[in-house]
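**Student:** So here's query_16.cif (mmCIF, C-alpha atoms and all ligand atoms).
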```
data_entry
#
loop_
_atom_site.label_atom_id
_atom_site.label_comp_id
_atom_site.auth_asym_id
_atom_site.auth_seq_id
_atom_site.Cartn_x
_atom_site.Cartn_y
_atom_site.Cartn_z
CA MET F 1033 25.43 -6.92 -50.56
CA ALA F 1034 28.81 -6.51 -48.85
CA LYS F 1035 28.90 -7.44 -45.15
CA ASN F 1036 31.96 -7.47 -42.96
CA THR F 1037 32.42 -11.19 -42.33
CA LYS F 1038 36.07 -12.00 -43.02
CA ILE F 1039 35.98 -15.75 -42.40
CA GLY F 1040 33.36 -18.36 -43.14
CA ILE F 1041 33.66 -21.30 -40.73
CA PHE F 1042 31.84 -24.55 -41.42
CA VAL F 1043 31.62 -27.65 -39.24
CA GLY F 1044 29.91 -30.85 -40.29
CA SER F 1045 27.92 -31.48 -37.12
CA GLY F 1046 26.92 -30.04 -33.79
CA SER F 1047 29.17 -32.69 -32.26
CA ASP F 1048 32.16 -30.75 -33.75
CA LEU F 1049 31.39 -27.53 -31.87
CA PRO F 1050 33.52 -28.19 -28.75
CA ILE F 1051 36.65 -28.36 -30.95
CA ILE F 1052 35.90 -25.44 -33.24
CA ASP F 1053 35.23 -23.28 -30.18
CA ALA F 1054 39.04 -23.19 -29.76
CA ALA F 1055 39.31 -21.56 -33.20
CA THR F 1056 36.54 -19.02 -32.70
CA LYS F 1057 38.11 -18.03 -29.38
CA ILE F 1058 41.34 -17.10 -31.22
CA LEU F 1059 39.38 -15.07 -33.78
CA ASP F 1060 37.44 -13.36 -30.97
CA ASP F 1061 40.75 -12.49 -29.28
CA PHE F 1062 42.02 -10.90 -32.51
CA SER F 1063 38.63 -9.21 -33.18
CA VAL F 1064 38.40 -10.92 -36.57
CA SER F 1065 34.82 -11.32 -37.80
CA TYR F 1066 33.50 -14.75 -38.75
CA GLU F 1067 30.29 -16.65 -39.30
CA LEU F 1068 30.05 -20.22 -37.99
CA ASN F 1069 27.74 -22.58 -39.89
CA ILE F 1070 26.90 -26.13 -38.80
CA LEU F 1071 26.26 -27.71 -42.19
CA SER F 1072 27.34 -31.08 -43.54
CA ALA F 1073 28.87 -31.82 -46.94
CA HIS F 1074 26.82 -35.04 -46.91
CA ARG F 1075 23.64 -34.27 -44.99
CA SER F 1076 23.04 -30.74 -46.30
CA PRO F 1077 25.29 -30.30 -49.37
CA HIS F 1078 23.14 -27.68 -51.13
CA GLU F 1079 23.03 -25.47 -48.06
CA VAL F 1080 26.84 -25.64 -47.71
CA VAL F 1081 27.38 -24.55 -51.30
CA ALA F 1082 24.75 -21.82 -51.16
CA ARG F 1083 26.17 -20.28 -47.98
CA VAL F 1084 29.78 -20.47 -49.24
CA GLU F 1085 28.82 -18.66 -52.43
CA GLU F 1086 26.85 -16.02 -50.52
CA LEU F 1087 29.67 -15.45 -48.03
CA GLU F 1088 32.18 -14.99 -50.85
CA LYS F 1089 29.86 -12.44 -52.49
CA GLU F 1090 29.48 -10.69 -49.14
CA GLY F 1091 33.27 -10.28 -48.90
CA ALA F 1092 34.56 -13.27 -46.93
CA GLU F 1093 38.30 -13.61 -47.52
CA LEU F 1094 38.80 -17.24 -46.56
CA PHE F 1095 37.09 -20.32 -45.19
CA ILE F 1096 37.78 -22.80 -42.39
CA ALA F 1097 36.21 -26.24 -42.79
CA SER F 1098 36.24 -28.77 -39.98
CA ALA F 1099 34.73 -32.23 -40.02
CA GLY F 1100 35.30 -35.77 -38.87
CA MET F 1101 35.11 -39.23 -40.47
CA ALA F 1102 34.86 -39.10 -44.32
CA ALA F 1103 35.55 -35.38 -44.15
CA HIS F 1104 34.63 -33.92 -47.53
CA LEU F 1105 33.61 -30.50 -46.22
CA GLY F 1106 36.92 -28.77 -47.02
CA GLY F 1107 37.04 -30.17 -50.54
CA VAL F 1108 33.42 -29.31 -51.30
CA ILE F 1109 33.89 -25.76 -50.07
CA ALA F 1110 37.15 -25.39 -52.02
CA ALA F 1111 35.33 -26.55 -55.14
CA HIS F 1112 32.87 -23.68 -54.81
CA THR F 1113 35.11 -20.72 -53.94
CA SER F 1114 38.31 -19.13 -55.21
CA LYS F 1115 39.18 -18.07 -51.63
CA PRO F 1116 41.68 -20.07 -49.51
CA VAL F 1117 40.20 -23.01 -47.59
CA LEU F 1118 41.81 -24.22 -44.36
CA GLY F 1119 40.82 -27.75 -43.37
CA VAL F 1120 40.75 -29.09 -39.82
CA PRO F 1121 40.29 -32.86 -39.57
CA LEU F 1122 38.58 -34.09 -36.42
CA GLY F 1123 39.04 -37.20 -34.33
CA GLY F 1124 36.25 -38.93 -32.53
CA GLY F 1125 35.42 -41.64 -35.06
CA ASP F 1126 36.63 -45.24 -34.78
CA LEU F 1127 39.83 -44.27 -36.64
CA SER F 1128 40.68 -41.40 -34.24
CA GLY F 1129 40.94 -38.80 -37.00
CA LEU F 1130 43.21 -40.62 -39.44
CA ASP F 1131 40.14 -40.98 -41.67
CA SER F 1132 39.33 -37.27 -41.68
CA LEU F 1133 43.03 -36.30 -41.94
CA LEU F 1134 43.43 -38.30 -45.14
CA ALA F 1135 40.05 -37.19 -46.51
CA THR F 1136 40.99 -33.55 -45.96
CA VAL F 1137 44.65 -33.56 -46.98
CA GLN F 1138 44.55 -35.87 -49.99
CA MET F 1139 43.00 -33.41 -52.40
CA PRO F 1140 43.48 -34.01 -56.11
CA LYS F 1141 45.60 -31.40 -57.88
CA GLY F 1142 43.81 -28.19 -58.81
CA ILE F 1143 41.64 -27.79 -55.70
CA PRO F 1144 43.88 -27.21 -52.64
CA VAL F 1145 42.75 -27.46 -49.03
CA ALA F 1146 45.46 -26.34 -46.59
CA THR F 1147 45.22 -29.03 -43.94
CA PHE F 1148 46.05 -28.71 -40.25
CA ALA F 1149 46.59 -31.12 -37.36
CA ILE F 1150 43.75 -33.32 -36.11
CA GLY F 1151 41.51 -31.78 -33.47
CA LYS F 1152 42.03 -28.85 -31.12
CA SER F 1153 45.64 -28.05 -32.10
CA GLY F 1154 44.60 -27.97 -35.75
CA ALA F 1155 41.60 -25.75 -34.98
CA ILE F 1156 43.80 -23.28 -33.10
CA ASN F 1157 46.47 -23.29 -35.81
CA ALA F 1158 43.90 -22.85 -38.58
CA ALA F 1159 42.56 -19.78 -36.79
CA LEU F 1160 46.09 -18.42 -36.29
CA PHE F 1161 46.94 -19.10 -39.93
CA ALA F 1162 43.73 -17.35 -41.00
CA VAL F 1163 44.80 -14.34 -38.95
CA GLN F 1164 48.24 -14.50 -40.59
CA ILE F 1165 46.66 -14.48 -44.06
CA LEU F 1166 44.65 -11.40 -43.12
CA THR F 1167 47.80 -9.66 -41.80
CA VAL F 1168 49.09 -9.48 -45.38
CA SER F 1169 46.71 -6.58 -45.99
CA ASP F 1170 46.13 -5.38 -42.41
CA GLU F 1171 49.11 -3.77 -40.68
CA LYS F 1172 47.34 -3.31 -37.31
CA LEU F 1173 46.40 -6.98 -37.23
CA ARG F 1174 50.01 -7.85 -38.09
CA GLU F 1175 51.25 -5.86 -35.08
CA ARG F 1176 48.78 -7.69 -32.82
CA PHE F 1177 49.89 -11.03 -34.22
CA VAL F 1178 53.57 -10.21 -33.58
CA GLU F 1179 52.59 -9.20 -30.02
CA PHE F 1180 50.74 -12.50 -29.56
CA ARG F 1181 53.86 -14.42 -30.60
CA LYS F 1182 56.07 -12.40 -28.23
CA ASN F 1183 53.69 -13.06 -25.33
CA GLN F 1184 53.58 -16.76 -26.17
CA THR F 1185 57.37 -16.95 -26.06
CA LYS F 1186 57.43 -14.98 -22.78
CA GLU F 1187 54.98 -17.45 -21.21
CA VAL F 1188 57.18 -20.40 -22.20
CA ILE F 1189 60.28 -18.74 -20.72
CA GLU F 1190 58.43 -17.86 -17.50
CA PHE F 1191 57.07 -21.38 -17.19
CA ASN F 1192 60.57 -22.75 -17.60
CA SER F 1193 61.95 -20.36 -14.94
CA ASN F 1194 59.25 -21.40 -12.49
CA ASN F 1195 59.37 -25.12 -13.10
CA LYS F 1196 62.86 -26.24 -14.15
CA LYS F 1197 64.62 -28.66 -11.84
CA SER F 1198 68.16 -29.67 -11.21
CA ASN F 1199 69.90 -31.80 -8.60
C1 LIG F 1201 31.05 -35.55 -39.75
O1 LIG F 1201 30.77 -36.74 -39.12
C2 LIG F 1201 30.97 -34.49 -38.71
O2 LIG F 1201 31.86 -33.46 -39.00
C3 LIG F 1201 31.31 -35.19 -37.42
O3 LIG F 1201 32.66 -34.97 -37.04
C4 LIG F 1201 31.11 -36.65 -37.77
C5 LIG F 1201 30.06 -37.29 -36.93
O4 LIG F 1201 28.87 -36.53 -37.00
P1 LIG F 1201 27.65 -36.82 -36.03
O5 LIG F 1201 27.20 -38.20 -36.33
O6 LIG F 1201 28.17 -36.64 -34.62
O7 LIG F 1201 26.63 -35.78 -36.37
O8 LIG F 1201 30.17 -35.28 -40.79
#
```
Take the structure in this file and express it as structure tokens.
**Tutor:**
Amino acid sequence: MAKNTKIGIFVGSGSDLPIIDAATKILDDFSVSYELNILSAHRSPHEVVARVEELEKEGAELFIASAGMAAHLGGVIAAHTSKPVLGVPLGGGDLSGLDSLLATVQMPKGIPVATFAIGKSGAINAALFAVQILTVSDEKLRERFVEFRKNQTKEVIEFNSNNKKSN
């Protein structure tokens, strides 16, 4: 059964939600459909795989996986789909995210996980990159993305005008 969910988002724990909210906000702003699942590669592996496979059958075009500590979520999802997987490592553990960064980025050849920065910046960039992937086949979305970038630049220039100092 084909639904209209473009992006499957998975986080490993409810404790990850405050960070992934930054990604879903971007997707909301671009009116890109997603489904957010809180399922762990370790604590509920069968449910992760089942939902990834269902989402792909339903028409999802890519996945975002975000987890902390020994973050295997991106790799497990990538192993069960042919769609692109964007990985967002999270801080918060004793190693401040270096653990999840390495666990997410150091994939063995053959099963890529495109890995972003640790934490909120990575979550935002993964969402923006997901939008960029979708712009390849969606001209209207591409126009909105270009507009977003222009506005972002404008904000930087305005901030500079209002705050620069000299003596
Ligand atoms: C990972 O372990 C989760 O993604 C989370 O970032 C981390 C800690 O999980 P909790 O113990 O807070 O549930 O699986």
**Student:** Could I get the residue neighbourhood of ligand LIG 1201 (chain F) at 9 Å, counting all atoms listed in the file, as a list in words?
**Tutor:** Val1043, Gly1044, Ser1045, Gly1046, Ser1047, Asp1048, Ile1070, Leu1071, Ser1072, Ala1073, His1074, Arg1075, Ser1098, Ala1099, Gly1100, Met1101, Ala1102, Ala1103, His1104, Leu1105, Pro1121, Leu1122, Gly1123, Gly1124, Gly1125 and Ser1132 of chain F
**Student:** Would you mind telling me which residue in F:Val1080, F:Ile1041, F:Leu1118, F:Ala1135 lies nearest to Asp1053 (chain F) when using only C-alpha atoms?
**Tutor:**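 Smallest separation from Asp1053 (chain F) among the options: F:Ile1041.
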**Student:** Between F:Val1081, F:Met1139, F:Leu1130, F:Ala1149, which residue has the minimum interatomic distance to His1112 (chain F), considering all atoms listed in the file?
**Tutor:**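 Residue with the minimum atom-to-atom distance to His1112 (chain F): F:Val1081.
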**Student:** Between F:Val1084, F:Ile1109, F:Val1120, F:Ile1052, which has the minimum distance to Gly1154 (chain F) (counting only C-alpha atoms)?
**Tutor:**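 Nearest candidate to Gly1154 (chain F) out of F:Val1084, F:Ile1109, F:Val1120, F:Ile1052: F:Val1120.
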**Student:** How many Å separate CA of Ala1092 (chain F) from CA of Lys1035 (chain F)?
**Tutor:** 8.3 Å
**Student:** Neighbourhood query: residues within 12 Å of (38.5, -20.0, -28.6), file coordinates, counting only C-alpha atoms; return as a list in words.
**Tutor:**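 I get Leu1049, Pro1050, Ile1051, Ile1052, Asp1053, Ala1054, Ala1055, Thr1056, Lys1057, Ile1058, Leu1059, Asp1060, Asp1061, Phe1062, Ser1063, Lys1152, Ser1153, Ala1155, Ile1156, Asn1157, Ala1158, Ala1159 and Leu1160 of chain F for the residues within 12 Å of that point.
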**Student:** For region 1119-1131 of chain F, write all heavy atoms out as a compact mmCIF listing (two decimals), in the first residue's frame.
**Tutor:**
```
# COMPACT_ATOMS: atom_id res chain seq x y z
N GLY F 1119 22.85 9.70 8.70
CA GLY F 1119 23.06 9.40 10.12
C GLY F 1119 23.41 10.65 10.91
O GLY F 1119 24.23 11.45 10.48
N VAL F 1120 22.76 10.79 12.05
CA VAL F 1120 23.06 11.92 12.95
C VAL F 1120 23.52 11.37 14.30
O VAL F 1120 22.71 10.86 15.08
CB VAL F 1120 21.83 12.83 13.16
CG1 VAL F 1120 22.19 14.00 14.04
CG2 VAL F 1120 21.26 13.29 11.84
N PRO F 1121 24.82 11.48 14.58
CA PRO F 1121 25.32 11.02 15.88
C PRO F 1121 24.94 12.02 16.98
O PRO F 1121 24.90 13.22 16.73
CB PRO F 1121 26.84 10.98 15.68
CG PRO F 1121 27.14 11.81 14.48
CD PRO F 1121 25.88 12.01 13.71
N LEU F 1122 24.66 11.49 18.15
CA LEU F 1122 24.24 12.37 19.24
C LEU F 1122 25.23 12.34 20.40
O LEU F 1122 25.83 11.32 20.70
CB LEU F 1122 22.85 11.95 19.74
CG LEU F 1122 21.74 12.03 18.70
CD1 LEU F 1122 20.42 11.56 19.29
CD2 LEU F 1122 21.61 13.45 18.15
N GLY F 1123 25.36 13.51 21.04
CA GLY F 1123 26.20 13.60 22.23
C GLY F 1123 25.41 13.14 23.43
O GLY F 1123 24.38 12.48 23.30
N GLY F 1124 25.86 13.49 24.59
CA GLY F 1124 25.08 13.16 25.78
C GLY F 1124 25.68 12.03 26.59
O GLY F 1124 25.49 11.97 27.80
N GLY F 1125 26.38 11.12 25.95
CA GLY F 1125 27.05 10.05 26.70
C GLY F 1125 28.34 10.56 27.32
O GLY F 1125 28.69 11.74 27.19
N ASP F 1126 29.06 9.70 28.01
CA ASP F 1126 30.31 10.10 28.68
C ASP F 1126 31.37 10.58 27.69
O ASP F 1126 32.29 11.30 28.06
CB ASP F 1126 30.88 8.93 29.48
CG ASP F 1126 30.02 8.63 30.71
OD1 ASP F 1126 29.31 9.56 31.16
OD2 ASP F 1126 30.05 7.49 31.20
N LEU F 1127 31.24 10.17 26.40
CA LEU F 1127 32.25 10.55 25.40
C LEU F 1127 31.78 11.72 24.53
O LEU F 1127 32.40 12.03 23.51
CB LEU F 1127 32.60 9.35 24.53
CG LEU F 1127 33.16 8.13 25.28
CD1 LEU F 1127 33.55 7.02 24.31
CD2 LEU F 1127 34.36 8.50 26.14
N SER F 1128 30.69 12.37 24.95
CA SER F 1128 30.21 13.60 24.29
C SER F 1128 29.95 13.47 22.79
O SER F 1128 30.09 14.43 22.05
CB SER F 1128 31.21 14.75 24.53
OG SER F 1128 31.40 14.92 25.91
N GLY F 1129 29.63 12.28 22.34
CA GLY F 1129 29.26 12.11 20.94
C GLY F 1129 30.35 11.55 20.05
O GLY F 1129 30.08 11.16 18.91
N LEU F 1130 31.59 11.52 20.55
CA LEU F 1130 32.67 10.94 19.73
C LEU F 1130 32.37 9.45 19.48
O LEU F 1130 32.62 8.92 18.39
CB LEU F 1130 34.01 11.11 20.43
CG LEU F 1130 35.23 10.66 19.63
CD1 LEU F 1130 35.32 11.41 18.30
CD2 LEU F 1130 36.52 10.87 20.43
N ASP F 1131 31.80 8.80 20.49
CA ASP F 1131 31.42 7.39 20.35
C ASP F 1131 30.41 7.19 19.22
O ASP F 1131 30.60 6.37 18.31
CB ASP F 1131 30.88 6.82 21.67
CG ASP F 1131 29.91 7.77 22.40
OD1 ASP F 1131 29.60 8.84 21.85
OD2 ASP F 1131 29.47 7.43 23.52
```
